[in-house]
Amino acid sequence: MIRSLRARLLGFLLIAIVLAAGVQATVAYRTVLHEADDIFDYHMQQMALSLRSGLPPGGAVGGLAGGEENFEFVVQVWTADGERIFESAADAALPQLAVLGFVDARARGTTYRVFSVQTRSGLVIQVAQDMAVRRRMAGALALRTIGPVALMAPLLMLVVWWVVSHSLAPVSRVRAQVAARQADDLSPVSEAGLPEEVRPLVHELNLLFERVRHAFEAQKHFVADAAHELRSPLAALKLQVQGLQRAGDEATRERAVARLAAGIDRATRLVEQMLALARHEASMAAGAPPQAVALDEVARLAISDALAAAQARRIDMGLAHTDAATVSGQPEALRMLLRNLLDNAVKYTPEGGRVDVAIRTQADGVELSVEDSGPGLPPEEHERVLDRFYRSGEPQAPGSGLGLAIVKSIATLHGATLTLGTSAELGGLKVAVHFANI
């Protein structure tokens with residue numbers, strides 16, 4: 001099996017040229033032979049008809065063939081009684097034929113083509129030609145006819161070889177570019193000068209490079225963020241363990257254990273958030289195909305995820321308004337988006353507060369919103385809280401600063417817009433995600 005596209009094209013095309021040239025040469029050869037027979041028959045017929053007016057003096061019938069001795073025409077004249085009164089060659093010895101017109105006859109160890117015509121006086125004129133001579137002359141003419149075909153076939157094969165090699169040169173150039181790259185070189189491959197059949201392949205290759213580059217960048221960011229953000233919680237845990245070791249009485253030990261447990265919970269939450277962000281960025285880099293997602297179903301699942309934390313703080317959380325709406329996206333990513341919004345709202349809403357989720361269809365799309373009765377955010381921090389690891393208020397404020405960053409990243413993935421404002425009904429923060437129509 002030939003795996004090289006170049007070799008396959010050249011093989012098929014060259015074989016096609018050879019077959020086409022062979023068929024053309026065969027047809028031309030046979031056609032020329034047939035036409036040569038017609039021409040020689042016409043010469044014999046015209047010679048016989050020209051002799052009706054009388055034989056030339058001295059029996060020089062051969063001169064009627066235009067001086068072409070190679071034609072080797074033999075002329076005989078017979079009377080109605082079967083007497084031969086003229087022959088152009090003394091040793092011709094052609095038999096008398098009763099059939100007028102063309103006929104093939106055996107004589108002198110060979111085959112003659114004979115044409116017979118009767119004059120008004122009853123004489124029969126016979127003009128004959130040796131078929132071996134005719135075939136030899138016709139074959140020479142046919143070979144001269146197919147000569148150009150035999151000459152053009154190799155030239156055409158050279159042209160095909162050059163065209164195929166030149167057409168596939170861009171593929172070799174792309175292969176050389178990719179082969180010469182370093183492992184960390186994910187820059188796009190040049191699409192300049194590529195044929196239409198190759199450009200889509202290179203374009204998809206560049207898209208793959210782009211996705212891999214995003215995945216590498218997300219991995220580097222995750223490693224850098226993990227190294228930066230985990231340093232402080234781990235140091236705090238170490239201090240709390242040391243404090244537990246130095247505790248002298250039961251009350252001090254219980255306080256140290258409580259602080260240690262809280263520190264472990266914060267570190268666990270931070271790791272969970274960072275892993276969630278890493279998984280989401282990896283899914284973005286992988287380019288998972290979107291699907292139709294029912295937002296009301298996503299909202300119910302996300303509320304069930306956050307319900308335990310809300311009940312622990314006696315927070316009333318539920319769907320305040322629900323329109324049947326479907327968006328194009330990834331269901332797990334949208335569930336993560338809403339769960340982070342609910343976790344953030346539960347975290348900053350005082351005990352006994354309220355968190356409402358609403359899904360409203362609008363003329364230009366669908367709005368998913370989360371409102372709470374917490375303290376809200378000043379307008380100058382609406383943009384800053386979307387950055388990674390930014391925590392509103394004091395540095396010791398609860399949380400890892402990744403929740404809204406994850407929400408922003410998922411909204412961007414789905415082509416949605418994220419806005420922060422003040423809840424008109426509950427007085428706290430309102431986060432709205434607007435999805436365009438499918």
# chains A, B, ... in the order shown; residues from 1 in each chain; ligands from 1
call {"tool": "residues_around", "arguments": {"residues": "A:His434", "least_positions_apart": "6", "cutoff": "7 Å", "atoms": "only C-alpha atoms", "output": "PyMOL selection string"}}
result
chain A and resi 365-368+416-418
call {"tool": "write_last_selection", "arguments": {"atoms": "N, CA and C atoms", "output": "mmCIF file, in the first residue's frame"}}
result
data_model
loop_
_atom_site.group_PDB
_atom_site.id
_atom_site.type_symbol
_atom_site.label_atom_id
_atom_site.label_comp_id
_atom_site.auth_asym_id
_atom_site.auth_seq_id
_atom_site.Cartn_x
_atom_site.Cartn_y
_atom_site.Cartn_z
ATOM 1 N N GLY A 365 -32.498 38.110 25.083
ATOM 2 C CA GLY A 365 -31.832 36.957 25.670
ATOM 3 C C GLY A 365 -32.456 36.524 26.973
ATOM 4 N N VAL A 366 -31.632 35.962 27.846
ATOM 5 C CA VAL A 366 -32.081 35.431 29.138
ATOM 6 C C VAL A 366 -31.171 35.995 30.230
ATOM 7 N N GLU A 367 -31.794 36.372 31.358
ATOM 8 C CA GLU A 367 -31.018 36.893 32.489
ATOM 9 C C GLU A 367 -31.151 35.938 33.668
ATOM 10 N N LEU A 368 -29.979 35.516 34.190
ATOM 11 C CA LEU A 368 -29.915 34.715 35.414
ATOM 12 C C LEU A 368 -29.328 35.602 36.504
ATOM 13 N N ALA A 416 -21.582 35.351 27.627
ATOM 14 C CA ALA A 416 -22.540 36.091 28.454
ATOM 15 C C ALA A 416 -21.852 37.291 29.093
ATOM 16 N N THR A 417 -22.661 38.260 29.501
ATOM 17 C CA THR A 417 -22.146 39.455 30.181
ATOM 18 C C THR A 417 -22.492 39.382 31.658
ATOM 19 N N LEU A 418 -21.539 39.768 32.500
ATOM 20 C CA LEU A 418 -21.695 39.712 33.958
ATOM 21 C C LEU A 418 -21.731 41.133 34.501
#
call {"tool": "closest_atom_pairs", "arguments": {"of": "stretch 418-437 of chain A", "to": "stretch 339-343 of chain A", "cutoff": "10 Å", "atoms": "only C-alpha atoms", "output": "Markdown table"}}
result
| residue | atom | partner | partner_atom | distance |
| --- | --- | --- | --- | --- |
| A:Lys430 | CA | A:Leu341 | CA | 9.8 |
| A:Val431 | CA | A:Leu341 | CA | 7.7 |
| A:Ala432 | CA | A:Leu341 | CA | 9.8 |
call {"tool": "write_last_selection", "arguments": {"atoms": "N, CA and C atoms", "output": "compact mmCIF listing (two decimals), in the first residue's frame"}}
result
# COMPACT_ATOMS: atom_id res chain seq x y z
N LYS A 430 -26.53 42.28 43.90
CA LYS A 430 -27.22 41.58 42.81
C LYS A 430 -26.20 41.30 41.71
N VAL A 431 -26.06 40.02 41.38
CA VAL A 431 -25.17 39.60 40.29
C VAL A 431 -26.06 39.05 39.18
N ALA A 432 -25.96 39.64 37.98
CA ALA A 432 -26.78 39.24 36.85
C ALA A 432 -25.88 38.75 35.73
call {"tool": "select_by_dssp", "arguments": {"residues": "stretch 93-162 of chain A", "states": "helix (DSSP H, G or I)", "output": "MDAnalysis selection string"}}
result
chainID A and resid 131:162
call {"tool": "atom_distance", "arguments": {"atom1": "atom CA of A:Ser190", "atom2": "atom CA of A:Phe216"}}
result
21.6 Å
call {"tool": "closest_residue", "arguments": {"among": "A:His214, A:His203, A:Arg30, A:His166", "to": "A:Leu143", "atoms": "only C-alpha atoms"}}
result
A:Arg30
call {"tool": "closest_residue", "arguments": {"among": "A:Val103, A:Leu51, A:Met157, A:Thr79", "to": "A:Phe12", "atoms": "only C-alpha atoms"}}
result
A:Met157
call {"tool": "residues_around", "arguments": {"residues": "A:Asp372", "least_positions_apart": "3", "cutoff": "10 Å", "atoms": "only C-alpha atoms", "output": "number ranges by chain"}}
result
A: 315-317, 342, 344-346, 348-350, 353-357, 375-376, 422-423, 425-431
call {"tool": "select_by_dssp", "arguments": {"residues": "stretch 72-208 of chain A", "states": "strand (DSSP E)", "output": "PyMOL selection string"}}
result
chain A and resi 73-78+84-87+101-107+110-118+124-130
call {"tool": "atom_distance", "arguments": {"atom1": "atom CA of A:Leu319", "atom2": "atom CA of A:Gln362"}}
result
17.7 Å
call {"tool": "residues_around", "arguments": {"residues": "A:Pro290", "least_positions_apart": "6", "cutoff": "9 Å", "atoms": "only C-alpha atoms", "output": "list in words"}}
result
Ser328, Gly329, Gln330, Pro331 and His414 of chain A
call {"tool": "atom_distance", "arguments": {"atom1": "atom CA of A:Leu151", "atom2": "atom CA of A:Ala20"}}
result
13.5 Å
call {"tool": "residues_around", "arguments": {"residues": "A:Gln118", "least_positions_apart": "2", "cutoff": "10 Å", "atoms": "only C-alpha atoms", "output": "MDAnalysis selection string"}}
result
chainID A and resid 48:49 52 77:80 100:101 116 120:126
call {"tool": "closest_residue", "arguments": {"among": "A:Leu19, A:Ala256, A:Ile410, A:Val75", "to": "A:Gln45", "atoms": "only C-alpha atoms"}}
result
A:Val75
call {"tool": "residues_around", "arguments": {"residues": "A:Val298", "least_positions_apart": "4", "cutoff": "9 Å", "atoms": "only C-alpha atoms", "output": "PDB file with N, CA and C atoms, in the first residue's frame"}}
result
ATOM      1  N   VAL A 293     -29.026  23.824  27.180  1.00  0.00           N
ATOM      2  CA  VAL A 293     -29.078  23.651  28.632  1.00  0.00           C
ATOM      3  C   VAL A 293     -30.309  24.394  29.163  1.00  0.00           C
ATOM      4  N   ALA A 294     -31.130  23.695  29.930  1.00  0.00           N
ATOM      5  CA  ALA A 294     -32.286  24.314  30.581  1.00  0.00           C
ATOM      6  C   ALA A 294     -31.824  24.978  31.870  1.00  0.00           C
ATOM      7  N   ALA A 302     -28.048  23.578  41.459  1.00  0.00           N
ATOM      8  CA  ALA A 302     -27.124  24.443  42.197  1.00  0.00           C
ATOM      9  C   ALA A 302     -27.679  24.801  43.565  1.00  0.00           C
ATOM     10  N   ILE A 303     -28.982  25.048  43.648  1.00  0.00           N
ATOM     11  CA  ILE A 303     -29.596  25.372  44.946  1.00  0.00           C
ATOM     12  C   ILE A 303     -29.494  24.176  45.885  1.00  0.00           C
ATOM     13  N   PRO A 331     -23.481  22.272  30.662  1.00  0.00           N
ATOM     14  CA  PRO A 331     -24.307  22.241  31.880  1.00  0.00           C
ATOM     15  C   PRO A 331     -23.481  22.248  33.167  1.00  0.00           C
ATOM     16  N   GLU A 332     -22.399  21.502  33.227  1.00  0.00           N
ATOM     17  CA  GLU A 332     -21.610  21.456  34.454  1.00  0.00           C
ATOM     18  C   GLU A 332     -20.957  22.804  34.736  1.00  0.00           C
ATOM     19  N   LEU A 334     -22.150  25.755  33.834  1.00  0.00           N
ATOM     20  CA  LEU A 334     -23.199  26.671  34.292  1.00  0.00           C
ATOM     21  C   LEU A 334     -23.624  26.354  35.717  1.00  0.00           C
ATOM     22  N   ARG A 335     -23.622  25.082  36.065  1.00  0.00           N
ATOM     23  CA  ARG A 335     -23.943  24.721  37.458  1.00  0.00           C
ATOM     24  C   ARG A 335     -22.868  25.250  38.403  1.00  0.00           C
ATOM     25  N   LEU A 338     -23.441  29.113  38.882  1.00  0.00           N
ATOM     26  CA  LEU A 338     -24.507  29.467  39.808  1.00  0.00           C
ATOM     27  C   LEU A 338     -24.171  29.039  41.236  1.00  0.00           C
TER      28      LEU A 338
END
call {"tool": "closest_residue", "arguments": {"among": "A:Ala215, A:Leu94, A:Asp130, A:Asp41", "to": "A:Phe115", "atoms": "only C-alpha atoms"}}
result
A:Asp41
call {"tool": "residues_around", "arguments": {"residues": "A:Met152", "least_positions_apart": "6", "cutoff": "12 Å", "atoms": "only C-alpha atoms", "output": "ChimeraX atom specification"}}
result
/A:17-18,20-22,24-25,146,158-159
